[in-house]
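J.: My structure is in structure-v7.cif, and what it holds is mmCIF, C-alpha atoms and all ligand atoms:
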```
data_run
loop_
_atom_site.label_atom_id
_atom_site.label_comp_id
_atom_site.auth_asym_id
_atom_site.auth_seq_id
_atom_site.Cartn_x
_atom_site.Cartn_y
_atom_site.Cartn_z
CA MET A 1 -14.68 2.59 0.14
CA ILE A 2 -15.67 5.59 2.24
CA LYS A 3 -14.88 9.15 1.17
CA GLY A 4 -13.59 11.66 3.65
CA ILE A 5 -14.11 15.30 2.72
CA PHE A 6 -12.95 17.90 5.20
CA LEU A 7 -13.60 21.61 4.60
CA GLY A 8 -11.84 24.22 6.71
CA GLY A 9 -13.61 27.54 7.20
CA HIS A 10 -15.93 29.46 9.49
CA GLN A 11 -18.76 26.96 9.80
CA GLY A 12 -19.11 23.23 10.38
CA GLN A 13 -19.90 20.51 12.92
CA TRP A 14 -16.50 20.86 14.57
CA ARG A 15 -14.92 23.88 16.24
CA VAL A 16 -11.18 24.05 15.79
CA GLU A 17 -9.51 24.04 19.19
CA SER A 18 -5.95 24.21 17.86
CA MET A 19 -4.04 23.84 14.62
CA GLN A 20 -0.36 23.02 14.97
CA THR A 21 2.01 22.61 12.09
CA GLN A 22 4.34 19.81 13.16
CA ARG A 23 6.33 19.77 9.94
CA GLY A 24 6.31 21.41 6.53
CA GLU A 25 4.06 24.03 5.11
CA PRO A 26 1.10 25.14 7.30
CA LEU A 27 -2.55 25.17 6.26
CA PRO A 28 -4.47 28.47 6.48
CA ALA A 29 -5.93 28.90 9.98
CA VAL A 30 -9.68 28.30 10.29
CA SER A 31 -12.19 28.36 13.17
CA HIS A 32 -14.36 25.41 12.06
CA LEU A 33 -14.18 22.11 10.22
CA HIS A 34 -17.04 20.81 8.11
CA SER A 35 -17.18 17.11 7.34
CA ALA A 36 -18.88 17.21 3.93
CA ASP A 37 -20.50 14.77 1.47
CA THR A 38 -19.30 16.58 -1.62
CA THR A 39 -16.48 18.85 -2.73
CA GLU A 40 -18.85 20.82 -4.97
CA ASN A 41 -18.85 24.59 -4.51
CA TRP A 42 -16.59 24.52 -1.47
CA GLN A 43 -14.83 27.70 -2.56
CA SER A 44 -17.99 29.67 -3.33
CA ALA A 45 -19.38 28.46 0.02
CA GLY A 46 -16.52 30.40 1.63
CA PHE A 47 -14.26 27.57 2.84
CA ALA A 48 -10.51 28.21 2.98
CA TRP A 49 -9.40 24.68 2.13
CA CYS A 50 -10.67 21.26 1.12
CA LEU A 51 -8.93 17.98 1.92
CA GLN A 52 -10.18 14.65 0.69
CA GLY A 53 -9.26 11.00 0.87
CA VAL A 54 -10.71 7.52 0.59
CA THR A 55 -10.55 4.46 2.79
CA SER A 56 -8.67 1.56 1.23
CA SER A 57 -7.40 -1.93 1.80
CA VAL A 58 -4.67 -2.38 4.40
CA ARG A 59 -1.04 -2.27 3.23
CA TYR A 60 1.02 -3.39 6.22
CA THR A 61 -1.26 -5.17 8.64
CA THR A 62 -0.89 -8.93 9.11
CA GLN A 63 -3.93 -11.16 9.34
CA THR A 64 -3.49 -11.55 13.11
CA GLU A 65 -3.17 -7.79 13.58
CA GLN A 66 -6.17 -7.18 11.35
CA ALA A 67 -8.29 -9.64 13.32
CA PHE A 68 -7.23 -7.98 16.57
CA LEU A 69 -8.08 -4.53 15.21
CA GLN A 70 -11.49 -5.64 13.97
CA GLN A 71 -12.28 -7.17 17.30
CA HIS A 72 -11.05 -4.36 19.53
CA GLN A 73 -11.27 -1.05 17.73
CA PRO A 74 -14.16 1.10 18.88
CA PRO A 75 -16.65 2.53 16.37
CA LEU A 76 -16.69 6.15 15.21
CA HIS A 77 -19.48 8.58 16.19
CA ARG A 78 -19.81 7.51 19.82
CA PRO A 79 -21.87 10.18 21.62
CA GLU A 80 -19.24 10.59 24.37
CA ALA A 81 -16.44 11.09 21.82
CA THR A 82 -16.83 14.86 21.52
CA ARG A 83 -13.15 15.47 20.79
CA ALA A 84 -11.47 14.66 17.52
CA ALA A 85 -8.19 15.10 15.70
CA LEU A 86 -7.67 15.47 11.97
CA ILE A 87 -3.98 14.95 11.23
CA PRO A 88 -3.08 15.21 7.54
CA ILE A 89 0.32 13.66 6.82
CA ARG A 90 2.67 13.50 3.86
CA LYS A 91 5.64 11.13 3.79
CA SER A 92 8.90 11.76 1.96
CA ALA A 93 10.10 10.43 -1.39
CA ALA A 94 12.60 8.31 0.59
CA TRP A 95 9.65 6.46 2.19
CA TRP A 96 7.89 5.83 -1.10
CA ASP A 97 11.18 4.65 -2.66
CA LEU A 98 11.42 1.81 -0.12
CA ALA A 99 10.19 -1.67 -0.95
CA GLN A 100 6.96 -2.89 0.65
CA ASP A 101 8.76 -5.21 3.09
CA GLU A 102 11.15 -2.44 4.15
CA ARG A 103 8.21 -0.12 4.86
CA ARG A 104 6.42 -2.80 6.89
CA ALA A 105 9.60 -3.41 8.94
CA ILE A 106 9.95 0.30 9.74
CA PHE A 107 6.21 0.68 10.38
CA GLU A 108 5.78 -2.17 12.85
CA GLU A 109 8.94 -4.12 13.75
CA GLN A 110 10.94 -0.92 14.35
CA SER A 111 8.28 1.68 15.17
CA HIS A 112 5.56 -0.51 16.73
CA HIS A 113 2.84 1.64 15.19
CA ILE A 114 0.08 -0.93 15.68
CA ALA A 115 1.36 -2.07 19.08
CA LEU A 116 1.44 1.55 20.30
CA GLY A 117 -1.86 2.42 18.62
CA THR A 118 -3.80 -0.45 20.12
CA THR A 119 -2.85 0.64 23.66
CA ALA A 120 -5.30 3.51 23.02
CA PHE A 121 -8.20 1.07 22.59
CA PRO A 122 -11.04 1.35 23.41
CA ALA A 123 -10.63 5.08 24.12
CA VAL A 124 -9.64 6.22 20.63
CA ALA A 125 -11.57 5.45 17.45
CA ARG A 126 -9.78 5.90 14.15
CA ARG A 127 -10.18 6.05 10.39
CA LEU A 128 -7.41 6.26 7.81
CA PHE A 129 -8.06 7.96 4.47
CA HIS A 130 -5.60 7.64 1.59
CA ALA A 131 -5.08 10.77 -0.49
CA ARG A 132 -1.79 10.32 -2.34
CA ASP A 133 -3.28 8.71 -5.42
CA LEU A 134 -5.88 11.48 -5.65
CA GLY A 135 -3.11 14.01 -6.29
CA GLU A 136 -3.82 15.66 -2.94
CA PRO A 137 -1.26 17.70 -0.98
CA PHE A 138 -1.17 15.03 1.76
CA ASP A 139 -0.69 11.26 1.45
CA PHE A 140 -3.00 10.47 4.38
CA LEU A 141 -5.81 12.08 6.31
CA THR A 142 -5.89 10.47 9.72
CA TRP A 143 -9.02 10.92 11.86
CA PHE A 144 -9.46 10.12 15.56
CA GLU A 145 -12.38 10.47 18.01
CA TYR A 146 -12.24 10.29 21.80
CA ALA A 147 -13.94 11.57 24.96
CA PRO A 148 -12.59 14.62 26.84
CA GLU A 149 -11.13 12.42 29.60
CA HIS A 150 -8.89 10.72 27.04
CA VAL A 151 -7.19 13.85 25.72
CA THR A 152 -3.99 13.05 27.64
CA LEU A 153 -3.96 9.43 26.51
CA PHE A 154 -4.23 10.59 22.90
CA GLU A 155 -1.48 13.17 23.45
CA GLU A 156 0.84 10.44 24.77
CA LEU A 157 0.10 8.22 21.80
CA VAL A 158 0.81 10.97 19.28
CA GLY A 159 4.02 11.85 21.15
CA ALA A 160 5.18 8.23 21.11
CA LEU A 161 4.49 7.86 17.39
CA ARG A 162 6.33 11.08 16.55
CA ALA A 163 9.44 9.70 18.25
CA THR A 164 9.53 6.61 16.03
CA ARG A 165 11.69 5.81 13.03
CA GLU A 166 8.55 5.86 10.87
CA TRP A 167 8.10 9.56 11.63
CA GLN A 168 11.57 10.36 10.25
CA TYR A 169 9.84 9.92 6.90
CA VAL A 170 7.06 12.40 7.68
CA GLU A 171 7.73 15.66 5.85
CA ARG A 172 4.44 17.44 6.35
CA GLU A 173 2.05 17.10 9.29
CA ILE A 174 -0.67 19.40 10.62
CA ASP A 175 -2.32 18.50 13.92
CA ILE A 176 -5.89 19.85 14.04
CA ARG A 177 -7.83 19.33 17.30
CA LEU A 178 -11.59 19.62 17.33
CA HIS A 179 -14.66 19.94 19.56
CA PHE A 180 -17.96 18.54 18.38
CA LEU A 181 -20.73 21.14 18.03
CA GLY A 182 -23.42 18.88 16.58
C1 LIG B 1 -5.56 5.06 17.61
C2 LIG B 1 -4.54 4.20 17.56
C3 LIG B 1 -3.94 3.82 16.23
C4 LIG B 1 -4.00 2.60 15.65
C5 LIG B 1 -4.64 1.35 16.23
C6 LIG B 1 -3.36 2.71 14.36
C7 LIG B 1 -3.25 1.68 13.47
C8 LIG B 1 -2.81 1.80 12.19
C9 LIG B 1 -2.73 0.73 11.22
C10 LIG B 1 -3.16 -0.70 11.48
C11 LIG B 1 -2.23 1.24 10.09
C12 LIG B 1 -1.85 0.46 8.83
C13 LIG B 1 -2.94 0.31 7.84
C14 LIG B 1 -2.40 -0.54 6.71
O1 LIG B 1 -2.05 -1.71 6.95
O2 LIG B 1 -2.33 -0.02 5.59
C15 LIG B 1 -2.02 2.63 10.31
C16 LIG B 1 -1.53 3.50 9.36
C17 LIG B 1 -1.30 4.83 9.59
N1 LIG B 1 -1.47 5.51 10.77
FE1 LIG B 1 -2.09 4.74 12.51
N2 LIG B 1 -2.90 3.98 14.20
C18 LIG B 1 -3.22 4.69 15.31
C19 LIG B 1 -2.91 6.00 15.57
C20 LIG B 1 -2.31 6.85 14.68
C21 LIG B 1 -2.02 8.24 14.93
C22 LIG B 1 -2.29 8.98 16.26
C23 LIG B 1 -1.50 8.76 13.78
C24 LIG B 1 -1.03 10.15 13.49
C25 LIG B 1 -0.50 10.98 14.39
C26 LIG B 1 -1.47 7.69 12.81
C27 LIG B 1 -1.05 7.81 11.51
C28 LIG B 1 -1.08 6.81 10.58
C29 LIG B 1 -0.62 6.98 9.21
C30 LIG B 1 -0.11 8.26 8.56
C31 LIG B 1 -0.78 5.73 8.59
C32 LIG B 1 -0.45 5.38 7.15
C33 LIG B 1 0.96 4.82 7.12
C34 LIG B 1 1.39 4.41 5.73
O3 LIG B 1 0.61 3.78 5.01
O4 LIG B 1 2.53 4.73 5.39
N3 LIG B 1 -1.95 6.54 13.40
N4 LIG B 1 -2.35 2.95 11.59
#
```
Could the structure of this file be written out as structure tokens, please?

T.:
Amino acid sequence: MIKGIFLGGHQGQWRVESMQTQRGEPLPAVSHLHSADTTENWQSAGFAWCLQGVTSSVRYTTQTEQAFLQQHQPPLHRPEATRAALIPIRKSAAWWDLAQDERRAIFEEQSHHIALGTTAFPAVARRLFHARDLGEPFDFLTWFEYAPEHVTLFEELVGALRATREWQYVEREIDIRLHFLG
């Protein structure tokens, strides 16, 4: 289990290039994002917000898909991947009321989330943090890293996903684009 702690404020390793509220309530605008090891003292350190999540076991992925992902997905922290996106997402009560097999069918058979996502390999590296069970304002913190020449590819992927049936269940989504400062 890996913790993801993201602090929005006026300092951090990432400069905020844009912050777009796709759906629901916005987050306060910030100029920088700090990827932190701890949530301690984030308010007294002057940050405007703190989002956290943890990696977890897969919910929807089949064994074949999982094997494909493990074999083909690029690692995080590649030196050339100086662009990133943090996209916190909350899904609706209607989504969480569905049975597991119904959610899987919407996720992949109808929305082709994995099939679409894997077309962005090896350009886009990803990590999914779960936040719902931590009582956080978002259910998921999704994190992506890519090189500047793959900005358009990532844009197309995000656009394709937002047009899916799965996204009809997204009730809050903030798209935060970042430049690595070191
Ligand atoms: C880079 C290509 C991508 C790949 C290969 C990919 C793959 C996956 C996989 C395999 C899962 C399911 C994990 C599980 O079984 O529990 C997942 C979940 C998720 N992905 Fe992606 N994804 C990609 C891009 C994106 C993008 C661009 C977004 C947001 C705009 C996104 C948002 C999510 C969310 C919110 C979940 C959690 C869904 C849920 O549990 O209800 N993904 N993704």

J.: Counting all atoms listed in the file, which residues of range 74-161 of chain A sit at most 12 Å from some atom of range 2-26 of chain A, and what is each one's closest atom pair with its distance in Å to one decimal, listed by chain and rising residue number, as a tab-separated table?

T.:
```
residue	atom	partner	partner_atom	distance
A:Thr82	CA	A:Trp14	CA	9.2
A:Arg83	CA	A:Trp14	CA	8.9
A:Ala84	CA	A:Trp14	CA	8.5
A:Ala85	CA	A:Val16	CA	9.4
A:Leu86	CA	A:Phe6	CA	8.9
A:Ile87	CA	A:Met19	CA	9.5
A:Pro88	CA	A:Thr21	CA	10.1
A:Ile89	CA	A:Arg23	CA	9.1
A:Arg90	CA	A:Gly24	CA	9.1
A:Lys91	CA	A:Arg23	CA	10.6
A:Ser92	CA	A:Gly24	CA	11.0
A:Arg127	CA	A:Gly4	CA	9.4
A:Leu128	CA	A:Gly4	CA	9.2
A:Phe129	CA	A:Gly4	CA	6.7
A:His130	CA	A:Gly4	CA	9.2
A:Ala131	CA	A:Gly4	CA	9.5
A:Leu134	CA	A:Lys3	CA	11.5
A:Glu136	CA	A:Ile5	CA	11.7
A:Pro137	CA	A:Glu25	CA	10.3
A:Phe138	CA	A:Gly24	CA	10.9
A:Phe140	CA	A:Gly4	CA	10.7
A:Leu141	CA	A:Gly4	CA	8.2
A:Thr142	CA	A:Gly4	CA	9.9
A:Trp143	CA	A:Gly4	CA	9.4
A:Glu145	CA	A:Trp14	CA	11.7
A:Val158	CA	A:Gln22	CA	11.3
A:Gly159	CA	A:Gln22	CA	11.3
```

J.: Can you list, as a short mmCIF file (atom, residue, chain, number, x, y, z; two decimals) with C-alpha atoms, in the coordinates of the input, every protein, DNA or RNA residue that comes within 9 Å of Glu80 in chain A when you count only C-alpha atoms, leaving out same-chain residues fewer than 3 positions away?

T.:
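Result file follows (part.cif):
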```cif
data_model
loop_
_atom_site.label_atom_id
_atom_site.label_comp_id
_atom_site.auth_asym_id
_atom_site.auth_seq_id
_atom_site.Cartn_x
_atom_site.Cartn_y
_atom_site.Cartn_z
CA HIS A 77 -19.48 8.58 16.19
CA ARG A 83 -13.15 15.47 20.79
CA TYR A 146 -12.24 10.29 21.80
CA ALA A 147 -13.94 11.57 24.96
CA PRO A 148 -12.59 14.62 26.84
#
```

J.: Counting only C-alpha atoms, give me one row per residue of range 120-181 of chain A with an atom at most 10 Å from an atom of range 32-36 of chain A, showing the shortest contact pair and its distance in Å to one decimal, sorted by chain then residue number, as JSON lines.

T.:
```
{"residue": "A:Ile176", "atom": "CA", "partner": "A:Leu33", "partner_atom": "CA", "distance": 9.4}
{"residue": "A:Arg177", "atom": "CA", "partner": "A:Leu33", "partner_atom": "CA", "distance": 9.9}
{"residue": "A:Leu178", "atom": "CA", "partner": "A:Leu33", "partner_atom": "CA", "distance": 8.0}
{"residue": "A:His179", "atom": "CA", "partner": "A:His32", "partner_atom": "CA", "distance": 9.3}
{"residue": "A:Phe180", "atom": "CA", "partner": "A:Leu33", "partner_atom": "CA", "distance": 9.7}
{"residue": "A:Leu181", "atom": "CA", "partner": "A:His32", "partner_atom": "CA", "distance": 9.7}
```

J.: Nearest to ligand LIG 1 (chain B): which of A:Glu40, A:Glu102, A:Asp97, A:Glu166 is it, counting all atoms listed in the file?

T.: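 Among A:Glu40, A:Glu102, A:Asp97, A:Glu166, it is A:Glu166 that comes nearest to ligand LIG 1 (chain B).
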
J.: Which residue gives the smallest distance to ligand LIG 1 (chain B) among A:Ala120, A:Ala94, A:Ile174, A:Ala81, with only C-alpha atoms and all ligand atoms counted?

T.: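 Closest residue, counting only C-alpha atoms and all ligand atoms: A:Ala120.
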
J.: Could you give me, as JSON, numbers by chain, the residues within 12 Å of range 114-117 of chain A, counting all atoms listed in the file and dropping anything in the same chain fewer than 4 positions from it?

T.: {"A": [60, 61, 62, 64, 65, 66, 68, 69, 72, 73, 104, 105, 106, 107, 108, 109, 110, 121, 122, 123, 124, 125, 126, 144, 153, 154, 155, 156, 157, 158, 159, 160, 161, 162, 163, 164, 166]}

J.: First collect every listed atom of range 87-102 of chain A; then fit an axis-aligned box around them, widen it by 3 Å on each side, and give centre and edge lengths in Å to one decimal, as JSON.

T.:
```
{"center_x": 4.3, "center_y": 5.0, "center_z": 4.3, "size_x": 22.6, "size_y": 26.4, "size_z": 19.9}
```

J.: So, with only C-alpha atoms as the atoms that count, which of A:Pro74, A:Gly135, A:Arg165, A:Ala93 lies closest to His112 in chain A?

T.: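 Looking at the shortest contact to His112 in chain A, the residue is A:Arg165.
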
J.: Quick one: pull the distance between CA of Asp175 in chain A and CA of Thr152 in chain A, Å, one decimal.

T.: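 Computing it gives 14.9 Å between the two atoms.
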
J.: When distances are computed from all atoms listed in the file, which of A:Gln168, A:Thr118, A:Ser56, A:Thr39 shows the smallest separation from ligand LIG 1 (chain B)?

T.: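 The closest residue to ligand LIG 1 (chain B) is A:Thr118.
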
J.: CA of Val170 in chain A and atom C20 of ligand LIG 1 (chain B) are how many Å apart?

T.: 12.9 Å

J.: Could you tell me how far CA of His150 in chain A lies from CA of Leu27 in chain A, in Å and to one decimal?

T.: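 Computing it gives 26.1 Å between the two atoms.
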
J.: Pick from A:Thr38, A:Gly182, A:Arg103, A:Trp96: nearest to Arg59 in chain A, with all atoms listed in the file counted?

T.: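 Ranking A:Thr38, A:Gly182, A:Arg103, A:Trp96 by distance to Arg59 in chain A, first place goes to A:Arg103.
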
J.: May I ask which of the residues A:His113, A:Arg78, A:Arg172, A:Arg132 is the closest one to Gln52 in chain A, counting all atoms listed in the file?

T.: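 That would be A:Arg132, the residue with the smallest distance to Gln52 in chain A.
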
J.: Could range 80-100 of chain A be completed with N, CA, C and O atoms and returned as a PDB file, in the coordinates of the input?

T.:
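And here is the file that came out, rebuild19.pdb:
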```pdb
ATOM      1  N   GLU A  80     -20.162  10.012  23.371  1.00  0.00           N
ATOM      2  CA  GLU A  80     -19.240  10.590  24.370  1.00  0.00           C
ATOM      3  C   GLU A  80     -17.938  11.097  23.730  1.00  0.00           C
ATOM      4  O   GLU A  80     -17.191  11.857  24.346  1.00  0.00           O
ATOM      5  N   ALA A  81     -17.689  10.698  22.495  1.00  0.00           N
ATOM      6  CA  ALA A  81     -16.440  11.090  21.820  1.00  0.00           C
ATOM      7  C   ALA A  81     -16.609  12.462  21.168  1.00  0.00           C
ATOM      8  O   ALA A  81     -16.744  12.582  19.954  1.00  0.00           O
ATOM      9  N   THR A  82     -16.582  13.490  22.002  1.00  0.00           N
ATOM     10  CA  THR A  82     -16.830  14.860  21.520  1.00  0.00           C
ATOM     11  C   THR A  82     -15.549  15.590  21.156  1.00  0.00           C
ATOM     12  O   THR A  82     -15.571  16.772  20.859  1.00  0.00           O
ATOM     13  N   ARG A  83     -14.427  14.884  21.241  1.00  0.00           N
ATOM     14  CA  ARG A  83     -13.150  15.470  20.790  1.00  0.00           C
ATOM     15  C   ARG A  83     -12.668  14.669  19.589  1.00  0.00           C
ATOM     16  O   ARG A  83     -12.900  13.455  19.509  1.00  0.00           O
ATOM     17  N   ALA A  84     -11.998  15.365  18.689  1.00  0.00           N
ATOM     18  CA  ALA A  84     -11.470  14.660  17.520  1.00  0.00           C
ATOM     19  C   ALA A  84     -10.160  15.293  17.094  1.00  0.00           C
ATOM     20  O   ALA A  84      -9.822  16.414  17.518  1.00  0.00           O
ATOM     21  N   ALA A  85      -9.422  14.559  16.298  1.00  0.00           N
ATOM     22  CA  ALA A  85      -8.190  15.100  15.700  1.00  0.00           C
ATOM     23  C   ALA A  85      -8.196  14.720  14.227  1.00  0.00           C
ATOM     24  O   ALA A  85      -8.466  13.568  13.870  1.00  0.00           O
ATOM     25  N   LEU A  86      -7.931  15.719  13.388  1.00  0.00           N
ATOM     26  CA  LEU A  86      -7.670  15.470  11.970  1.00  0.00           C
ATOM     27  C   LEU A  86      -6.194  15.771  11.776  1.00  0.00           C
ATOM     28  O   LEU A  86      -5.756  16.898  12.034  1.00  0.00           O
ATOM     29  N   ILE A  87      -5.428  14.753  11.394  1.00  0.00           N
ATOM     30  CA  ILE A  87      -3.980  14.950  11.230  1.00  0.00           C
ATOM     31  C   ILE A  87      -3.585  14.536   9.809  1.00  0.00           C
ATOM     32  O   ILE A  87      -3.355  13.357   9.536  1.00  0.00           O
ATOM     33  N   PRO A  88      -3.540  15.507   8.899  1.00  0.00           N
ATOM     34  CA  PRO A  88      -3.080  15.210   7.540  1.00  0.00           C
ATOM     35  C   PRO A  88      -1.555  15.032   7.535  1.00  0.00           C
ATOM     36  O   PRO A  88      -0.839  15.797   8.178  1.00  0.00           O
ATOM     37  N   ILE A  89      -1.100  14.034   6.807  1.00  0.00           N
ATOM     38  CA  ILE A  89       0.320  13.660   6.820  1.00  0.00           C
ATOM     39  C   ILE A  89       0.823  13.386   5.401  1.00  0.00           C
ATOM     40  O   ILE A  89       0.123  12.745   4.611  1.00  0.00           O
ATOM     41  N   ARG A  90       2.009  13.904   5.104  1.00  0.00           N
ATOM     42  CA  ARG A  90       2.670  13.500   3.860  1.00  0.00           C
ATOM     43  C   ARG A  90       4.022  12.889   4.203  1.00  0.00           C
ATOM     44  O   ARG A  90       4.758  13.423   5.029  1.00  0.00           O
ATOM     45  N   LYS A  91       4.331  11.767   3.586  1.00  0.00           N
ATOM     46  CA  LYS A  91       5.640  11.130   3.790  1.00  0.00           C
ATOM     47  C   LYS A  91       6.581  11.496   2.647  1.00  0.00           C
ATOM     48  O   LYS A  91       6.148  11.915   1.571  1.00  0.00           O
ATOM     49  N   SER A  92       7.874  11.304   2.902  1.00  0.00           N
ATOM     50  CA  SER A  92       8.900  11.760   1.960  1.00  0.00           C
ATOM     51  C   SER A  92       9.079  10.795   0.789  1.00  0.00           C
ATOM     52  O   SER A  92       8.660   9.633   0.842  1.00  0.00           O
ATOM     53  N   ALA A  93       9.775  11.281  -0.237  1.00  0.00           N
ATOM     54  CA  ALA A  93      10.100  10.430  -1.390  1.00  0.00           C
ATOM     55  C   ALA A  93      10.918   9.221  -0.938  1.00  0.00           C
ATOM     56  O   ALA A  93      10.758   8.115  -1.470  1.00  0.00           O
ATOM     57  N   ALA A  94      11.765   9.421   0.074  1.00  0.00           N
ATOM     58  CA  ALA A  94      12.600   8.310   0.590  1.00  0.00           C
ATOM     59  C   ALA A  94      11.724   7.162   1.096  1.00  0.00           C
ATOM     60  O   ALA A  94      12.065   5.989   0.915  1.00  0.00           O
ATOM     61  N   TRP A  95      10.589   7.488   1.712  1.00  0.00           N
ATOM     62  CA  TRP A  95       9.650   6.460   2.190  1.00  0.00           C
ATOM     63  C   TRP A  95       9.051   5.690   1.013  1.00  0.00           C
ATOM     64  O   TRP A  95       9.035   4.470   0.977  1.00  0.00           O
ATOM     65  N   TRP A  96       8.578   6.457   0.032  1.00  0.00           N
ATOM     66  CA  TRP A  96       7.890   5.830  -1.100  1.00  0.00           C
ATOM     67  C   TRP A  96       8.855   5.060  -1.988  1.00  0.00           C
ATOM     68  O   TRP A  96       8.441   4.177  -2.744  1.00  0.00           O
ATOM     69  N   ASP A  97      10.166   5.387  -1.883  1.00  0.00           N
ATOM     70  CA  ASP A  97      11.180   4.650  -2.660  1.00  0.00           C
ATOM     71  C   ASP A  97      11.506   3.291  -2.045  1.00  0.00           C
ATOM     72  O   ASP A  97      12.132   2.451  -2.689  1.00  0.00           O
ATOM     73  N   LEU A  98      11.128   3.089  -0.779  1.00  0.00           N
ATOM     74  CA  LEU A  98      11.420   1.810  -0.120  1.00  0.00           C
ATOM     75  C   LEU A  98      10.541   0.707  -0.696  1.00  0.00           C
ATOM     76  O   LEU A  98       9.450   0.970  -1.225  1.00  0.00           O
ATOM     77  N   ALA A  99      11.008  -0.525  -0.550  1.00  0.00           N
ATOM     78  CA  ALA A  99      10.190  -1.670  -0.950  1.00  0.00           C
ATOM     79  C   ALA A  99       9.129  -1.917   0.126  1.00  0.00           C
ATOM     80  O   ALA A  99       9.286  -1.485   1.268  1.00  0.00           O
ATOM     81  N   GLN A 100       8.075  -2.615  -0.259  1.00  0.00           N
ATOM     82  CA  GLN A 100       6.960  -2.890   0.650  1.00  0.00           C
ATOM     83  C   GLN A 100       7.426  -3.539   1.967  1.00  0.00           C
ATOM     84  O   GLN A 100       7.004  -3.133   3.046  1.00  0.00           O
TER      85      GLN A 100
END
```
